[in-house]
Structures are given as structure tokens and as C-alpha cells.
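**Q** Once you've had a glance at the structure underneath, I'll fire off some questions.
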Amino acid sequence: MTTDSATLNKLLFELKKVIVGQERAIERLLVCLLANGHCLLESVPGLAKTLSAETLAMSVGGTFTRIQFTPDLLPADVLGTRIYRASSETFDVELGPVFANFVLADEINRAPAKVQSALLEVMAERQVTIGGRTYELDPPFLVLATQNPIESEGVYPLPEAQRDRFLMKVVLDYPSPTEEVEIVQRMGTTPPSAEQVVELEDVLRLQKAVDEIYVDRNVLDYAVNLVLCTRTPENFGVAELRNFIELGASPRASIGLIRAGRALALMRGRSFLTPQDVFDVAPEILRHRLLLSYEALAQDVTVENVLARILSVVPAPRSMATPQASAGDPYHQSATDARPWS
């Protein structure tokens, strides 16, 4: 655990050397990397979405490709295609830019649904099928997609099925006045650049360490109840949300809460998951998986409003078992050091 903490600290230091502020976004990017899940970044222009993705790739020494999504983009431009060689009268396969450790899908909502759907197999299965043959992608593999929420012309909303493939949706806010002064000073002359501080083997080792984080049944139930509340809010005493939620989160959200929570627990130096970890990652896990009704739009009720209400009413477990308690104490020693309401 000490080695893992040192590795993560080096990564965080290198990211913060380039990125000013955006600490929550940086932390969530690392959570996605450790949890082996994809990330959707959303903000107005100029808030370091692309820079964050590039810096993360450089810090771990992974291969990086940037795909600029445009309305005339074709699936073959992303995945690859078969090319006929007249000299040998055979077809060769030219693999697309998606074959990299880190793939930046820049302004993903500018491409039509056909191109967006081409990423579904890649994101879910980590493989591409071209000409009847399947090509595996080398781990680690992370898709970082960006989108601009203020554009209304020439954009295509992401299909619900594709949004669900992203582990997290991270929303970047404007920097504070102090942070913006630091941005101008740091980027005005010679902008800093990230250097490789860990190896890809370290990333794979950390991903395996995340899988070994202990999860108590009470914490698991808490994560599932958060998702169930998005489907049947009346069962949790918030029947008024029924008029605002058209479609609740899928089981992928329950899985994502545990996976992301485990990664956050590892970053916090623990070998077990707490309700606070689940609580902290819930907004990024759930915000893009809820489909609001026309009633919510008419009353200016946002996804953030709905999530805040859900997180405030679903009770978290007051006690849980630690790995040491499970192994040595048949009565499960209580651990109440982290509560969402504290």
C-alpha cells in the first residue's frame, strides 16, 4: 500500500505541475484510470479538457492519439479499414487511431450517431472487428471524450447507450481568480510540460490493487440503494422525484459506484471501501445516466438537483466491517470513520 501511495502521489504532482486548479477533475481522471473506466469531460471552451488528457498520457508513458470529431467523420477513420493492395491482390488491414492506450475523442458530440456508435464495441469490449477479424487493444485503454455544452448547432447528442459506457462524467468549472492569475503566469511564457513519472506496468499493478479493495456488504447495499432510488424514488420517501425522472440509472451505475469507490479508496490510502467513497463519486457516476422528464425541464429542475436530493435521503450504513475484522473477529468490528453526513 505504501508503494501504491507513492506512485499515486508522483502522478498527482506531475498532473498539478501542468494543470492549475481543477483538483476534483484531476482526481476523477485518476479514478477512471485506476478503475479501468472511460471518462466524459464537459465544460465550456478553454478549461483544460484536452490538456488534462494529454498530461495524463504523458505522465504514465502511454501511447496517445487525438481524434477530432467532425460531422464528416466516418467509422473507418476511427477504427481502421481494409485496404486493397493491387501489387499483391490482397487486402491489408490498416488499424485506426483508436489503437492507443489513451484516446482523446475531442468534441465527441460533433460526430453523427453512426460514428459515435463505432466506439461502443471499443469502449465495452476493448476490441475492434474489421473484415471479420477481431483485434484486441493493449491495456491499459482509456477513452477520454470531451464535449461543449453550450453548442447547439452542428452537434449530435450522445445516445443513452453510449453515455452509459462512460464510467464518469466530469464537469469542469471556471477557475477562481487566484487560480486564473496562476494560469496566466504559468502559461504566459514557457508552459510547463509533463514528464513520464511511472510505467504502464505500474498502472496495471494499481488496477489490480483496486480489485483487491475490500467491500463490506453494507456498503454494497448502500451503492445499490442509490441506484434504486433513481428508478423507484417513492420507495425511499421522495415520491416527488417520480415526475422528474423519465429513466433511472442502469446496473452499470451500481457496478461503477463500487469500481470508482474502490479506486478512490486506494488513492486515499485505504484497503477497504467506505460509504464516504461511494458518496463522493456518486455525482460523476450518475449524472449522465439519468434521463429527466419534460416536467423537470419545465420547472428548471436539473440533474444536479435530483442527485442532491437522492444523496440526502438514501441512508448510509452506520457501521461496516474492515478486512481485519472480517478475518479475525466473527462479530465484525465496526468502522464509522467515514459517513456522508459528517
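Ligands are numbered from 1 in the order shown, chains are lettered A, B, ... in the order of the C-alpha cells, and residues start at 1 in each chain.
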Show me, as a PyMOL selection string, the residues that have an atom within 9 Å of Glu94 of chain A when counting only C-alpha atoms, minus same-chain residues fewer than 6 positions from it.
**A** chain A and resi 79-83
**Q** What's around Glu284 of chain A at 10 Å? Count only C-alpha atoms, leave out sequence neighbours fewer than 5 positions away in its own chain, and write the answer as a VMD selection string.
**A** chain A and resid 25 28 39 to 40 166 to 171 256 to 257 260 289
**Q** Given the choices A:Arg259, A:Lys49, A:Lys17, A:Arg252, which gets closest to Ala105 of chain A if the distance is worked out from only C-alpha atoms?
**A**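 Nearest candidate to Ala105 of chain A out of A:Arg259, A:Lys49, A:Lys17, A:Arg252: A:Lys49.
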**Q** From a DSSP pass on the backbone, collect the residues of segment 179-286 of chain A flagged as alpha helix (DSSP H) and hand them back as a PyMOL selection string.
**A** chain A and resi 179-188+200-211+217-231+251-267+275-286
**Q** Skip Glu212 of chain A itself and residues of its chain fewer than 3 positions away, then list as an MDAnalysis selection string all residues within 12 Å of it, counting only C-alpha atoms.
**A** chainID A and resid 1 35 205:209 215 258:259 262:263 265:266 270:273 323
**Q** For a quick check of understanding, using only C-alpha atoms, which of A:Glu179, A:Phe102, A:Pro45, A:Met123 has the smallest distance to Lys16 of chain A?
**A**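 Looking at the shortest contact to Lys16 of chain A, the residue is A:Glu179.
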**Q** Can you list, as a list of chain:residue names, all residues belonging to segment 41-92 of chain A that DSSP tags as strand (DSSP E)?
**A**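 Secondary structure check on segment 41-92 of chain A, strand (DSSP E): A:Leu41, A:Glu42, A:Phe64, A:Thr65, A:Arg66, A:Ile67, A:Gln68, A:Gly80, A:Thr81, A:Arg82, A:Ile83, A:Tyr84, A:Arg85, A:Thr90, A:Phe91, A:Asp92.
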**Q** Need the shell around segment 241-248 of chain A: protein/DNA/RNA residues with any atom at most 12 Å away, counting only C-alpha atoms. Skip same-chain ones fewer than 2 positions apart. Format as a ChimeraX atom specification?
**A** /A:160,164,226-239,250-254,286-303,305-310,313
**Q** Could you turn the residues from that selection into a file that holds N, CA and C atoms, as a short mmCIF file (atom, residue, chain, number, x, y, z; two decimals), in the first residue's frame?
**A**
data_model
loop_
_atom_site.label_atom_id
_atom_site.label_comp_id
_atom_site.auth_asym_id
_atom_site.auth_seq_id
_atom_site.Cartn_x
_atom_site.Cartn_y
_atom_site.Cartn_z
N GLU A 160 -28.11 7.46 -25.38
CA GLU A 160 -28.10 6.99 -24.00
C GLU A 160 -27.20 5.77 -23.83
N ASP A 164 -23.90 5.63 -21.26
CA ASP A 164 -23.83 4.63 -20.20
C ASP A 164 -22.50 3.90 -20.20
N LEU A 226 -28.64 3.66 -3.82
CA LEU A 226 -28.57 4.94 -4.52
C LEU A 226 -29.10 4.81 -5.94
N VAL A 227 -28.75 3.72 -6.61
CA VAL A 227 -29.22 3.50 -7.98
C VAL A 227 -30.71 3.17 -7.99
N LEU A 228 -31.16 2.36 -7.05
CA LEU A 228 -32.58 2.01 -7.00
C LEU A 228 -33.44 3.24 -6.76
N CYS A 229 -32.90 4.20 -6.02
CA CYS A 229 -33.67 5.43 -5.75
C CYS A 229 -33.90 6.23 -7.02
N THR A 230 -33.03 6.08 -8.02
CA THR A 230 -33.25 6.79 -9.29
C THR A 230 -34.37 6.12 -10.10
N ARG A 231 -34.68 4.86 -9.80
CA ARG A 231 -35.74 4.15 -10.54
C ARG A 231 -37.07 4.19 -9.81
N THR A 232 -37.01 3.99 -8.51
CA THR A 232 -38.25 3.98 -7.70
C THR A 232 -38.07 4.92 -6.51
N PRO A 233 -38.06 6.22 -6.75
CA PRO A 233 -37.83 7.16 -5.64
C PRO A 233 -38.92 7.10 -4.57
N GLU A 234 -40.12 6.65 -4.94
CA GLU A 234 -41.20 6.57 -3.95
C GLU A 234 -40.89 5.58 -2.84
N ASN A 235 -40.05 4.59 -3.12
CA ASN A 235 -39.69 3.61 -2.09
C ASN A 235 -38.71 4.18 -1.06
N PHE A 236 -38.16 5.35 -1.34
CA PHE A 236 -37.19 5.96 -0.43
C PHE A 236 -37.71 7.28 0.13
N GLY A 237 -39.01 7.51 0.04
CA GLY A 237 -39.62 8.69 0.63
C GLY A 237 -39.50 9.96 -0.16
N VAL A 238 -39.16 9.86 -1.44
CA VAL A 238 -39.06 11.05 -2.28
C VAL A 238 -39.92 10.84 -3.54
N ALA A 239 -41.19 10.60 -3.31
CA ALA A 239 -42.10 10.33 -4.43
C ALA A 239 -42.19 11.50 -5.39
N SER A 250 -28.90 2.49 -14.84
CA SER A 250 -28.85 1.05 -15.12
C SER A 250 -27.94 0.35 -14.12
N PRO A 251 -27.91 -0.99 -14.14
CA PRO A 251 -26.97 -1.72 -13.25
C PRO A 251 -25.51 -1.34 -13.46
N ARG A 252 -25.17 -0.79 -14.63
CA ARG A 252 -23.80 -0.32 -14.82
C ARG A 252 -23.45 0.76 -13.80
N ALA A 253 -24.45 1.52 -13.38
CA ALA A 253 -24.20 2.56 -12.39
C ALA A 253 -23.83 1.94 -11.04
N SER A 254 -24.51 0.86 -10.66
CA SER A 254 -24.18 0.17 -9.40
C SER A 254 -22.76 -0.37 -9.45
N LEU A 286 -23.50 9.08 -11.73
CA LEU A 286 -24.94 9.06 -12.00
C LEU A 286 -25.42 10.19 -12.90
N ARG A 287 -24.71 11.30 -12.97
CA ARG A 287 -25.28 12.48 -13.62
C ARG A 287 -25.59 12.27 -15.11
N HIS A 288 -24.82 11.44 -15.80
CA HIS A 288 -25.07 11.24 -17.23
C HIS A 288 -25.94 10.03 -17.50
N ARG A 289 -26.36 9.35 -16.44
CA ARG A 289 -27.18 8.15 -16.62
C ARG A 289 -28.65 8.39 -16.33
N LEU A 290 -28.99 9.59 -15.87
CA LEU A 290 -30.39 9.92 -15.58
C LEU A 290 -30.99 10.67 -16.76
N LEU A 291 -32.17 10.26 -17.14
CA LEU A 291 -32.91 10.96 -18.19
C LEU A 291 -34.08 11.68 -17.54
N LEU A 292 -34.04 12.99 -17.57
CA LEU A 292 -35.09 13.78 -16.92
C LEU A 292 -36.30 13.91 -17.81
N SER A 293 -37.44 14.13 -17.21
CA SER A 293 -38.70 14.26 -17.93
C SER A 293 -38.90 15.70 -18.40
N TYR A 294 -39.94 15.90 -19.23
CA TYR A 294 -40.29 17.26 -19.67
C TYR A 294 -40.76 18.11 -18.50
N GLU A 295 -41.33 17.45 -17.49
CA GLU A 295 -41.76 18.17 -16.30
C GLU A 295 -40.57 18.81 -15.60
N ALA A 296 -39.46 18.09 -15.54
CA ALA A 296 -38.25 18.64 -14.91
C ALA A 296 -37.72 19.83 -15.71
N LEU A 297 -37.71 19.69 -17.04
CA LEU A 297 -37.25 20.80 -17.88
C LEU A 297 -38.14 22.01 -17.72
N ALA A 298 -39.46 21.79 -17.62
CA ALA A 298 -40.39 22.90 -17.49
C ALA A 298 -40.22 23.63 -16.17
N GLN A 299 -39.82 22.91 -15.12
CA GLN A 299 -39.67 23.52 -13.81
C GLN A 299 -38.21 23.86 -13.48
N ASP A 300 -37.33 23.79 -14.49
CA ASP A 300 -35.91 24.12 -14.31
C ASP A 300 -35.25 23.26 -13.23
N VAL A 301 -35.65 21.99 -13.18
CA VAL A 301 -35.02 21.03 -12.26
C VAL A 301 -33.89 20.35 -13.01
N THR A 302 -32.68 20.44 -12.50
CA THR A 302 -31.52 19.88 -13.17
C THR A 302 -31.17 18.51 -12.58
N VAL A 303 -30.28 17.82 -13.29
CA VAL A 303 -29.79 16.53 -12.79
C VAL A 303 -29.10 16.71 -11.45
N ASN A 305 -29.79 18.85 -9.13
CA ASN A 305 -30.81 18.99 -8.10
C ASN A 305 -31.35 17.63 -7.69
N VAL A 306 -31.64 16.78 -8.68
CA VAL A 306 -32.17 15.46 -8.39
C VAL A 306 -31.17 14.62 -7.62
N LEU A 307 -29.90 14.65 -8.04
CA LEU A 307 -28.88 13.86 -7.36
C LEU A 307 -28.66 14.34 -5.93
N ALA A 308 -28.68 15.65 -5.72
CA ALA A 308 -28.51 16.16 -4.36
C ALA A 308 -29.62 15.66 -3.45
N ARG A 309 -30.82 15.60 -3.99
CA ARG A 309 -31.95 15.10 -3.20
C ARG A 309 -31.80 13.62 -2.90
N ILE A 310 -31.37 12.84 -3.88
CA ILE A 310 -31.20 11.40 -3.68
C ILE A 310 -30.11 11.12 -2.66
N VAL A 313 -31.25 11.61 0.99
CA VAL A 313 -32.30 10.80 1.62
C VAL A 313 -31.93 9.33 1.74
#
**Q** So, counting only C-alpha atoms, which residue among A:Ala223, A:Leu12, A:Ile19, A:Ala6 is closest to Ser193 of chain A?
**A**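 When distances to Ser193 of chain A are compared using only C-alpha atoms, the smallest one comes from A:Ile19.
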**Q** What does the distance between atom CA of Asp92 of chain A and atom CA of Pro71 of chain A come to in Å, to one decimal place?
**A**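 These atoms are spaced 27.0 Å apart.
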**Q** Which one of A:Gly62, A:Gly21, A:Pro177, A:Gly131 sits closest to Leu200 of chain A if you count only C-alpha atoms?
**A** A:Gly62
**Q** What does the structure give for the distance between atom CA of Val115 of chain A and atom CA of Pro140 of chain A, in Å to one decimal?
**A** 22.8 Å
